[in-house]
$ cat upload.txt   # compact mmCIF, C-alpha atoms and all ligand atoms
# COMPACT_ATOMS: atom_id res chain seq x y z
CA MET A 1 159.16 114.64 24.29
CA THR A 2 157.76 111.28 23.30
CA ILE A 3 154.62 111.58 21.18
CA VAL A 4 151.80 109.26 22.28
CA SER A 5 149.22 109.09 19.49
CA SER A 6 147.18 106.69 17.39
CA ASP A 7 148.23 108.47 14.18
CA ILE A 8 149.31 105.61 11.87
CA GLN A 9 150.44 108.07 9.21
CA LEU A 10 152.89 109.69 11.61
CA ALA A 11 154.14 106.32 12.89
CA SER A 12 154.71 105.16 9.34
CA SER A 13 156.65 108.27 8.34
CA PHE A 14 158.83 108.04 11.46
CA LEU A 15 159.63 104.40 10.68
CA LYS A 16 160.44 105.24 7.05
CA GLU A 17 162.86 107.94 8.30
CA GLY A 18 164.66 105.36 10.44
CA LYS A 19 163.17 106.44 13.73
CA LEU A 20 162.00 104.02 16.42
CA VAL A 21 158.29 103.74 17.19
CA ALA A 22 156.70 101.66 19.93
CA ILE A 23 153.83 99.64 18.49
CA PRO A 24 150.78 98.08 20.11
CA THR A 25 150.21 94.37 19.61
CA GLU A 26 147.67 92.06 21.23
CA THR A 27 150.43 90.57 23.43
CA VAL A 28 152.62 93.45 24.66
CA TYR A 29 153.94 96.69 23.16
CA GLY A 30 156.98 96.32 20.90
CA LEU A 31 159.87 98.68 20.17
CA ALA A 32 159.91 98.72 16.39
CA ALA A 33 162.26 99.54 13.52
CA ASN A 34 162.61 98.66 9.83
CA ILE A 35 164.47 95.32 9.74
CA PHE A 36 166.56 96.53 6.79
CA ASP A 37 167.71 99.77 8.47
CA GLU A 38 170.86 98.79 10.35
CA ALA A 39 171.24 102.05 12.26
CA ALA A 40 167.63 101.97 13.42
CA VAL A 41 167.87 98.32 14.53
CA LYS A 42 171.08 99.10 16.43
CA GLY A 43 169.05 101.84 18.10
CA ILE A 44 166.63 99.23 19.48
CA PHE A 45 169.47 97.30 21.16
CA LYS A 46 170.89 100.54 22.55
CA LEU A 47 167.61 101.88 23.91
CA LYS A 48 166.71 98.59 25.60
CA GLU A 49 170.32 97.90 26.67
CA ARG A 50 169.79 94.53 25.06
CA PRO A 51 172.82 92.30 24.42
CA LEU A 52 173.52 91.86 20.69
CA PHE A 53 173.45 88.05 21.05
CA ASN A 54 169.69 88.17 21.73
CA PRO A 55 167.84 88.08 18.38
CA LEU A 56 164.68 90.05 17.54
CA ILE A 57 161.23 88.94 16.35
CA VAL A 58 160.24 90.10 12.85
CA HIS A 59 156.62 91.25 12.45
CA ILE A 60 154.81 90.77 9.15
CA HIS A 61 151.26 91.17 7.87
CA ASN A 62 150.94 88.61 5.09
CA LEU A 63 152.30 85.28 3.87
CA ALA A 64 154.12 86.88 0.93
CA GLN A 65 156.40 88.55 3.47
CA LEU A 66 156.94 85.19 5.17
CA GLU A 67 158.08 83.75 1.88
CA GLU A 68 160.52 86.61 1.36
CA LEU A 69 162.17 85.99 4.73
CA ALA A 70 161.96 82.26 5.40
CA ASN A 71 163.20 79.18 3.59
CA GLU A 72 161.08 76.09 3.04
CA LEU A 73 158.92 75.67 6.15
CA PRO A 74 158.39 72.46 8.12
CA GLU A 75 154.87 71.09 7.61
CA LYS A 76 153.98 71.80 11.25
CA ALA A 77 155.03 75.44 10.88
CA LYS A 78 152.55 75.78 8.03
CA GLN A 79 149.81 74.16 10.11
CA LEU A 80 150.51 76.47 13.06
CA ALA A 81 150.58 79.58 10.89
CA ALA A 82 147.24 78.57 9.35
CA ALA A 83 145.73 77.97 12.79
CA PHE A 84 147.07 80.92 14.78
CA TRP A 85 148.08 83.78 12.44
CA PRO A 86 147.39 86.58 12.77
CA GLY A 87 147.90 86.08 16.50
CA GLU A 88 150.09 85.39 19.49
CA LEU A 89 152.42 82.84 17.91
CA THR A 90 156.06 83.27 16.85
CA LEU A 91 157.69 80.70 14.56
CA VAL A 92 161.47 80.25 14.46
CA VAL A 93 162.35 79.02 10.99
CA LYS A 94 165.35 78.86 8.63
CA LYS A 95 166.10 82.34 7.32
CA LYS A 96 166.80 83.57 3.83
CA GLU A 97 169.95 85.55 2.99
CA ILE A 98 167.97 88.81 2.91
CA VAL A 99 167.38 88.81 6.71
CA PRO A 100 170.19 90.87 8.32
CA ASP A 101 172.48 89.10 10.81
CA LEU A 102 171.86 91.86 13.32
CA ILE A 103 168.21 90.74 13.57
CA THR A 104 169.03 87.06 14.08
CA ALA A 105 172.22 87.54 16.15
CA GLY A 106 174.08 85.64 13.46
CA LYS A 107 171.84 82.56 13.68
CA ASP A 108 170.60 80.79 10.57
CA THR A 109 167.03 81.02 11.86
CA VAL A 110 164.61 83.95 12.14
CA ALA A 111 161.69 84.44 14.54
CA ILE A 112 158.57 85.61 12.70
CA ARG A 113 155.16 86.69 13.95
CA MET A 114 152.03 88.06 12.28
CA PRO A 115 150.27 90.13 14.98
CA LYS A 116 146.51 90.66 14.90
CA HIS A 117 146.09 94.06 16.58
CA THR A 118 144.29 96.18 13.97
CA LEU A 119 146.47 99.30 14.36
CA VAL A 120 149.71 97.43 13.83
CA ARG A 121 148.24 95.49 10.91
CA GLU A 122 147.27 98.79 9.25
CA LEU A 123 150.72 100.17 9.94
CA LEU A 124 152.45 97.11 8.46
CA GLN A 125 150.28 97.41 5.37
CA GLN A 126 151.30 101.06 4.89
CA ILE A 127 155.03 100.54 5.12
CA ASP A 128 156.63 98.12 2.71
CA PHE A 129 159.08 96.54 5.15
CA PRO A 130 158.73 94.14 8.10
CA LEU A 131 159.30 95.45 11.62
CA ALA A 132 161.79 94.12 14.15
CA ALA A 133 160.25 94.54 17.58
CA PRO A 134 161.26 93.23 20.98
CA SER A 135 159.02 94.07 23.92
CA ALA A 136 159.16 97.82 24.64
CA ASN A 137 160.91 97.70 28.01
CA PRO A 138 164.50 98.02 29.20
CA SER A 139 166.05 94.51 29.11
CA GLY A 140 164.90 92.37 32.01
CA SER A 141 162.06 94.57 33.25
CA ILE A 142 158.28 94.15 33.05
CA SER A 143 156.83 94.23 29.53
CA PRO A 144 154.44 97.16 28.91
CA THR A 145 150.81 96.45 28.03
CA ASN A 146 149.72 100.06 27.47
CA ALA A 147 151.17 103.18 25.87
CA GLU A 148 151.63 105.03 29.19
CA ARG A 149 154.01 102.38 30.53
CA VAL A 150 156.12 102.59 27.37
CA LYS A 151 156.31 106.37 27.78
CA GLU A 152 157.28 105.94 31.42
CA TYR A 153 160.22 103.74 30.37
CA PHE A 154 161.51 105.82 27.46
CA ASP A 155 160.13 109.35 27.81
CA GLY A 156 162.17 111.86 25.83
CA ILE A 157 164.42 109.24 24.21
CA LEU A 158 161.82 107.45 22.06
CA PRO A 159 160.19 109.53 19.26
CA MET A 160 156.72 107.97 19.37
CA VAL A 161 154.38 105.43 20.93
CA LEU A 162 151.56 104.38 18.62
CA ASP A 163 148.71 104.20 21.10
CA GLY A 164 146.51 101.15 20.57
CA GLY A 165 145.07 100.95 24.08
CA SER A 166 145.59 98.04 26.46
CA CYS A 167 146.89 94.76 25.06
CA SER A 168 144.10 92.20 25.05
CA SER A 169 146.21 89.06 25.64
CA GLY A 170 148.71 90.65 27.99
CA ILE A 171 151.71 88.31 27.84
CA GLU A 172 154.19 87.65 25.05
CA SER A 173 153.67 85.31 22.11
CA THR A 174 154.35 81.58 22.38
CA ILE A 175 157.56 80.75 20.48
CA ILE A 176 157.90 77.48 18.57
CA GLY A 177 161.04 76.35 16.75
CA PHE A 178 161.90 73.19 14.84
CA GLU A 179 164.53 70.47 14.67
CA GLY A 180 163.85 69.04 11.26
CA GLU A 181 160.13 68.30 11.34
CA GLU A 182 159.94 68.17 15.15
CA ALA A 183 158.34 71.15 16.92
CA ILE A 184 160.05 72.56 20.02
CA LEU A 185 158.69 75.02 22.54
CA TYR A 186 161.14 77.94 23.00
CA ARG A 187 158.93 80.16 25.14
CA LEU A 188 155.60 79.64 26.91
CA GLY A 189 153.22 82.43 26.01
CA ALA A 190 149.74 83.70 25.24
CA ILE A 191 148.72 80.56 23.35
CA SER A 192 148.77 77.56 25.68
CA ILE A 193 150.82 74.51 24.83
CA GLU A 194 147.61 72.48 25.01
CA GLU A 195 146.13 74.58 22.15
CA ILE A 196 149.32 74.16 20.09
CA GLU A 197 149.37 70.39 20.64
CA LYS A 198 145.74 70.14 19.55
CA GLU A 199 146.90 71.34 16.12
CA ILE A 200 150.19 69.48 15.62
CA GLY A 201 150.47 66.79 18.30
CA PRO A 202 153.23 66.57 20.95
CA VAL A 203 155.70 69.44 21.18
CA LYS A 204 159.12 68.98 22.79
CA GLN A 205 159.44 71.26 25.80
CA ASN A 206 162.79 72.49 27.05
CA THR A 207 162.32 76.10 28.07
CA THR A 208 163.53 75.90 31.66
CA ASN A 209 167.20 75.94 30.69
CA ASP A 210 168.80 79.19 31.75
CA SER A 211 171.37 79.39 29.01
CA SER A 212 169.79 77.45 26.16
CA PRO A 213 171.54 78.42 22.93
CA GLU A 214 168.22 77.82 21.13
CA ALA A 215 166.41 80.77 22.71
CA PRO A 216 169.08 83.20 23.85
CA GLY A 217 166.61 85.60 25.42
CA MET A 218 165.22 83.13 27.92
CA LEU A 219 167.48 84.12 30.80
CA LEU A 220 166.11 83.10 34.15
CA LYS A 221 165.88 86.62 35.59
CA HIS A 222 163.40 88.58 33.49
CA TYR A 223 160.05 90.40 33.68
CA SER A 224 161.28 91.72 37.01
CA PRO A 225 159.80 94.38 39.24
CA LYS A 226 162.32 96.49 41.18
CA THR A 227 160.71 95.34 44.43
CA SER A 228 161.74 91.81 45.46
CA LEU A 229 159.15 89.23 44.60
CA ILE A 230 158.63 85.87 46.29
CA LEU A 231 156.63 83.17 44.54
CA SER A 232 154.69 80.87 46.84
CA THR A 233 152.62 77.73 46.52
CA ASP A 234 151.01 78.45 49.91
CA ILE A 235 150.57 82.20 50.03
CA LYS A 236 148.74 82.36 53.38
CA LYS A 237 151.59 80.50 55.04
CA THR A 238 154.22 82.66 53.33
CA LEU A 239 152.38 85.81 54.41
CA GLY A 240 152.51 84.62 58.01
CA LYS A 241 156.32 84.62 57.86
CA PHE A 242 156.69 88.36 57.25
CA PHE A 243 156.55 90.98 59.99
CA ASN A 244 157.24 94.69 60.00
CA LYS A 245 157.41 94.84 56.25
CA LYS A 246 155.37 96.75 53.69
CA ILE A 247 153.78 93.79 51.94
CA GLY A 248 152.01 93.59 48.59
CA VAL A 249 150.24 90.49 47.35
CA LEU A 250 149.41 89.10 43.91
CA VAL A 251 146.83 86.29 43.90
CA PHE A 252 145.05 84.38 41.15
CA SER A 253 141.38 84.56 42.18
CA ASN A 254 140.80 84.54 45.94
CA ALA A 255 141.69 87.72 47.82
CA LEU A 256 143.46 87.22 51.15
CA GLU A 257 142.16 88.94 54.23
CA SER A 258 144.95 90.29 56.35
CA SER A 259 145.65 93.67 57.87
CA SER A 260 149.34 93.26 57.06
CA ILE A 261 148.70 93.56 53.31
CA LEU A 262 149.13 97.14 52.02
CA HIS A 263 148.31 96.47 48.38
CA GLN A 264 146.60 93.44 46.86
CA GLU A 265 146.06 92.49 43.21
CA VAL A 266 143.56 89.78 42.23
CA LEU A 267 144.25 88.61 38.66
CA SER A 268 140.81 87.14 37.93
CA GLU A 269 137.95 86.84 40.38
CA THR A 270 136.39 84.16 38.18
CA ALA A 271 139.68 82.21 37.97
CA ASN A 272 139.89 82.79 34.23
CA PHE A 273 143.43 82.34 32.86
CA LYS A 274 142.93 84.67 29.90
CA GLU A 275 141.75 87.47 32.17
CA ALA A 276 144.67 86.79 34.52
CA ALA A 277 147.11 87.04 31.59
CA ALA A 278 145.59 90.32 30.43
CA ASN A 279 146.06 91.74 33.94
CA ILE A 280 149.35 90.30 35.14
CA TYR A 281 151.90 92.87 33.94
CA GLU A 282 149.81 95.90 34.96
CA ALA A 283 149.21 94.27 38.35
CA LEU A 284 152.98 93.82 38.76
CA GLN A 285 153.54 97.43 37.68
CA ARG A 286 151.04 98.75 40.23
CA LEU A 287 152.60 96.66 42.97
CA ASP A 288 156.04 97.87 41.94
CA HIS A 289 154.86 101.50 42.12
CA ALA A 290 153.26 101.07 45.57
CA ASN A 291 156.45 101.64 47.54
CA LEU A 292 156.50 98.18 49.13
CA ASP A 293 159.32 96.18 50.72
CA ILE A 294 158.19 92.90 49.24
CA ILE A 295 155.71 91.38 46.80
CA LEU A 296 154.33 87.92 47.58
CA ALA A 297 152.89 86.20 44.51
CA GLU A 298 150.75 83.11 44.43
CA LYS A 299 151.66 80.31 42.05
CA LEU A 300 148.78 79.59 39.64
CA PRO A 301 147.42 76.14 38.75
CA ASP A 302 150.08 74.62 36.47
CA LYS A 303 147.99 74.02 33.35
CA ASP A 304 146.86 75.92 30.25
CA LEU A 305 147.87 79.58 30.44
CA GLY A 306 148.59 79.06 34.13
CA LYS A 307 151.87 77.46 32.98
CA SER A 308 152.81 80.56 30.97
CA LEU A 309 151.93 82.89 33.85
CA ASN A 310 153.94 80.78 36.31
CA ASP A 311 156.88 80.94 33.90
CA ARG A 312 156.77 84.76 34.09
CA LEU A 313 156.39 84.75 37.88
CA VAL A 314 159.33 82.36 38.34
CA ARG A 315 161.50 84.71 36.30
CA ALA A 316 160.15 87.80 38.07
CA ALA A 317 161.14 86.16 41.37
CA ALA A 318 164.64 85.17 40.21
CA LYS A 319 167.64 86.91 41.76
CA ASP A 320 170.57 88.25 39.73
O1 LIG B 1 154.62 88.91 21.94
C1 LIG B 1 155.80 89.07 21.56
O2 LIG B 1 156.48 88.13 21.10
C2 LIG B 1 156.40 90.47 21.69
C3 LIG B 1 155.65 91.38 20.73
C4 LIG B 1 156.21 92.78 20.72
O3 LIG B 1 155.65 90.82 19.45
N1 LIG B 1 157.80 90.46 21.43
C5 LIG B 1 158.72 89.92 22.27
O4 LIG B 1 160.04 90.10 21.89
O5 LIG B 1 158.41 89.34 23.30
P1 LIG B 1 161.29 89.88 22.86
O6 LIG B 1 162.46 90.36 22.09
O7 LIG B 1 161.03 90.50 24.16
O8 LIG B 1 161.40 88.33 22.96
C6 LIG B 1 161.79 87.61 21.81
C7 LIG B 1 162.34 86.26 22.16
C8 LIG B 1 163.68 86.34 22.85
O9 LIG B 1 163.69 85.43 23.92
C9 LIG B 1 164.64 85.90 21.74
O10 LIG B 1 165.81 85.30 22.24
C10 LIG B 1 163.79 84.93 20.97
O11 LIG B 1 162.54 85.53 20.95
N2 LIG B 1 164.26 84.78 19.58
C11 LIG B 1 164.27 85.70 18.61
N3 LIG B 1 164.82 85.19 17.48
C12 LIG B 1 165.15 83.92 17.75
C13 LIG B 1 165.78 82.88 17.00
N4 LIG B 1 166.17 83.04 15.75
N5 LIG B 1 165.98 81.69 17.63
C14 LIG B 1 165.58 81.52 18.91
N6 LIG B 1 165.00 82.47 19.67
C15 LIG B 1 164.80 83.65 19.09
MG MG B 2 160.93 90.91 26.19
$ encode --input "upload.txt" --output "structure tokens"
Amino acid sequence: MTIVSSDIQLASSFLKEGKLVAIPTETVYGLAANIFDEAAVKGIFKLKERPLFNPLIVHIHNLAQLEELANELPEKAKQLAAAFWPGELTLVVKKKEIVPDLITAGKDTVAIRMPKHTLVRELLQQIDFPLAAPSANPSGSISPTNAERVKEYFDGILPMVLDGGSCSSGIESTIIGFEGEEAILYRLGAISIEEIEKEIGPVKQNTTNDSSPEAPGMLLKHYSPKTSLILSTDIKKTLGKFFNKKIGVLVFSNALESSSILHQEVLSETANFKEAAANIYEALQRLDHANLDIILAEKLPDKDLGKSLNDRLVRAAAKD
């Protein structure tokens, strides 16, 4: 049985014993272990069926921990940390010797994030080690944004989910790396690129590449429901092309009226990107549980967080 509870004490003793605990963050739930416990970290890869070449994000709660793990930071990394930590930003920076190769997949960089969810901050303060935590889903599937979805994925094989309610941001952190002093976007996420550029100026963007060695986890097919998903820029027209199928629809703000739709999810009636982000993974989960033949998803306006949400939908629509 997987324990679902908000008992920080219990979560902290499990982690100290080398057990895995799913943790709430403001982005998505993570599957956490002590970064210095090799057996426990191996357990994360095994449970998620994650390839060992895909490195993990390290979660910290203060800047002293950052100093322990990272070498001299680029100026822009410092500016971004000051502006967005604690929060939905991951920085990929040169690692110190102490960071195990298993965490970084042998790279000389480490991805670090300081989450702001109060439960996980309290937990990180209680234990004296940073936590490695990828999203708490089997590799390639939809990231969980509440404790129940984590339990659904790993019931009986994961000791505990620390229940921190629904994730307020709802999609993963934005990942920024560096080439010398130049900032590079590795993954679109919960902080828009516009917000990042307001702090540090232009950021090089090259996240579309399927097999970029810079961000090994950014495979095209990802965040995928089991039901096939089609992404459309003209959803009414696309809907008209399907007959005799059990159809589900995901739209940004305007519901479609059609008797051929069995299940419809509206991400934000007020066309608010933040609300849409907070809802998107649960909406996909509900659609995926509705016993449909096909999910038709509407492409969002390609700006601000709309870009990040479109990134997830493109990957959710990708075939093997
Ligand atoms: O919001 C988030 O970032 C969530 C929560 C739990 O913190 N975590 C998350 O982890 O999304 P995961 O493992 O699902 O995605 C981490 C991404 C992967 O694409 C991985 O390849 C990339 O970060 N990554 C990790 N370390 C890296 C490194 N040293 N260089 C480049 N990319 C790295
Ligand atoms: Mg993930």
$ residues_near_ligand --input "upload.txt" --ligand "ligand MG 2 (chain B)" --cutoff "10 Å" --atoms "only C-alpha atoms and all ligand atoms" --output "PyMOL selection string"
chain A and resi 28-31+48+50+56+133-144+171-172+217-218+222-223
$ closest_residue --input "upload.txt" --among "A:Gln285, A:Thr90, A:Thr174, A:Gln9" --to "Glu152 (chain A)" --atoms "all atoms listed in the file"
A:Gln285
$ residues_around --input "upload.txt" --residues "Gln205 (chain A)" --least-positions-apart "6" --cutoff "8 Å" --atoms "all atoms listed in the file" --output "list of chain:residue names"
A:Ile184, A:Leu185, A:Tyr186
$ residues_around --input "upload.txt" --residues "Arg312 (chain A)" --least-positions-apart "2" --cutoff "12 Å" --atoms "all atoms listed in the file" --output "PDB file with C-alpha atoms, keeping the file's coordinate frame"
ATOM      1  CA  GLY A 140     164.900  92.370  32.010  1.00  0.00           C
ATOM      2  CA  SER A 141     162.060  94.570  33.250  1.00  0.00           C
ATOM      3  CA  ILE A 142     158.280  94.150  33.050  1.00  0.00           C
ATOM      4  CA  SER A 143     156.830  94.230  29.530  1.00  0.00           C
ATOM      5  CA  GLY A 170     148.710  90.650  27.990  1.00  0.00           C
ATOM      6  CA  ILE A 171     151.710  88.310  27.840  1.00  0.00           C
ATOM      7  CA  GLU A 172     154.190  87.650  25.050  1.00  0.00           C
ATOM      8  CA  ARG A 187     158.930  80.160  25.140  1.00  0.00           C
ATOM      9  CA  LEU A 188     155.600  79.640  26.910  1.00  0.00           C
ATOM     10  CA  GLY A 189     153.220  82.430  26.010  1.00  0.00           C
ATOM     11  CA  ALA A 190     149.740  83.700  25.240  1.00  0.00           C
ATOM     12  CA  THR A 207     162.320  76.100  28.070  1.00  0.00           C
ATOM     13  CA  THR A 208     163.530  75.900  31.660  1.00  0.00           C
ATOM     14  CA  MET A 218     165.220  83.130  27.920  1.00  0.00           C
ATOM     15  CA  LEU A 219     167.480  84.120  30.800  1.00  0.00           C
ATOM     16  CA  LEU A 220     166.110  83.100  34.150  1.00  0.00           C
ATOM     17  CA  LYS A 221     165.880  86.620  35.590  1.00  0.00           C
ATOM     18  CA  HIS A 222     163.400  88.580  33.490  1.00  0.00           C
ATOM     19  CA  TYR A 223     160.050  90.400  33.680  1.00  0.00           C
ATOM     20  CA  SER A 224     161.280  91.720  37.010  1.00  0.00           C
ATOM     21  CA  PRO A 225     159.800  94.380  39.240  1.00  0.00           C
ATOM     22  CA  LEU A 229     159.150  89.230  44.600  1.00  0.00           C
ATOM     23  CA  LEU A 231     156.630  83.170  44.540  1.00  0.00           C
ATOM     24  CA  ALA A 277     147.110  87.040  31.590  1.00  0.00           C
ATOM     25  CA  ILE A 280     149.350  90.300  35.140  1.00  0.00           C
ATOM     26  CA  TYR A 281     151.900  92.870  33.940  1.00  0.00           C
ATOM     27  CA  LEU A 284     152.980  93.820  38.760  1.00  0.00           C
ATOM     28  CA  ALA A 297     152.890  86.200  44.510  1.00  0.00           C
ATOM     29  CA  LYS A 299     151.660  80.310  42.050  1.00  0.00           C
ATOM     30  CA  LEU A 300     148.780  79.590  39.640  1.00  0.00           C
ATOM     31  CA  LEU A 305     147.870  79.580  30.440  1.00  0.00           C
ATOM     32  CA  GLY A 306     148.590  79.060  34.130  1.00  0.00           C
ATOM     33  CA  LYS A 307     151.870  77.460  32.980  1.00  0.00           C
ATOM     34  CA  SER A 308     152.810  80.560  30.970  1.00  0.00           C
ATOM     35  CA  LEU A 309     151.930  82.890  33.850  1.00  0.00           C
ATOM     36  CA  ASN A 310     153.940  80.780  36.310  1.00  0.00           C
ATOM     37  CA  VAL A 314     159.330  82.360  38.340  1.00  0.00           C
ATOM     38  CA  ARG A 315     161.500  84.710  36.300  1.00  0.00           C
ATOM     39  CA  ALA A 316     160.150  87.800  38.070  1.00  0.00           C
ATOM     40  CA  ALA A 317     161.140  86.160  41.370  1.00  0.00           C
ATOM     41  CA  ALA A 318     164.640  85.170  40.210  1.00  0.00           C
TER      42      ALA A 318
END
$ closest_residue --input "upload.txt" --among "A:Asp7, A:Glu88, A:Glu68, A:Asp101" --to "Leu52 (chain A)" --atoms "all atoms listed in the file"
A:Asp101
$ atom_distance --input "upload.txt" --atom1 "CA of Thr27 (chain A)" --atom2 "atom P1 of ligand LIG 1 (chain B)"
10.9 Å
$ closest_residue --input "upload.txt" --among "A:Ile176, A:Leu162, A:Gln126, A:Asn62" --to "ligand LIG 1 (chain B)" --atoms "all atoms listed in the file"
A:Ile176
$ residues_around --input "upload.txt" --residues "Thr2 (chain A)" --least-positions-apart "4" --cutoff "8 Å" --atoms "only C-alpha atoms" --output "number ranges by chain"
A: 151, 154-161
$ closest_residue --input "upload.txt" --among "A:Ile193, A:Ile175, A:Leu10, A:Ala40" --to "ligand LIG 1 (chain B)" --atoms "all atoms listed in the file"
A:Ile175
$ closest_residue --input "upload.txt" --among "A:Ala132, A:Ala11, A:Lys107, A:Lys274" --to "Gly43 (chain A)" --atoms "only C-alpha atoms"
A:Ala132
$ atom_distance --input "upload.txt" --atom1 "CA of Val251 (chain A)" --atom2 "CA of Asp304 (chain A)"
17.1 Å
$ residues_around --input "upload.txt" --residues "Ile60 (chain A)" --least-positions-apart "3" --cutoff "7 Å" --atoms "only C-alpha atoms" --output "PyMOL selection string"
chain A and resi 65+113-114+124+130-131
$ closest_residue --input "upload.txt" --among "A:Asn279, A:Gln125, A:Glu194, A:Val203" --to "Asp302 (chain A)" --atoms "all atoms listed in the file"
A:Glu194
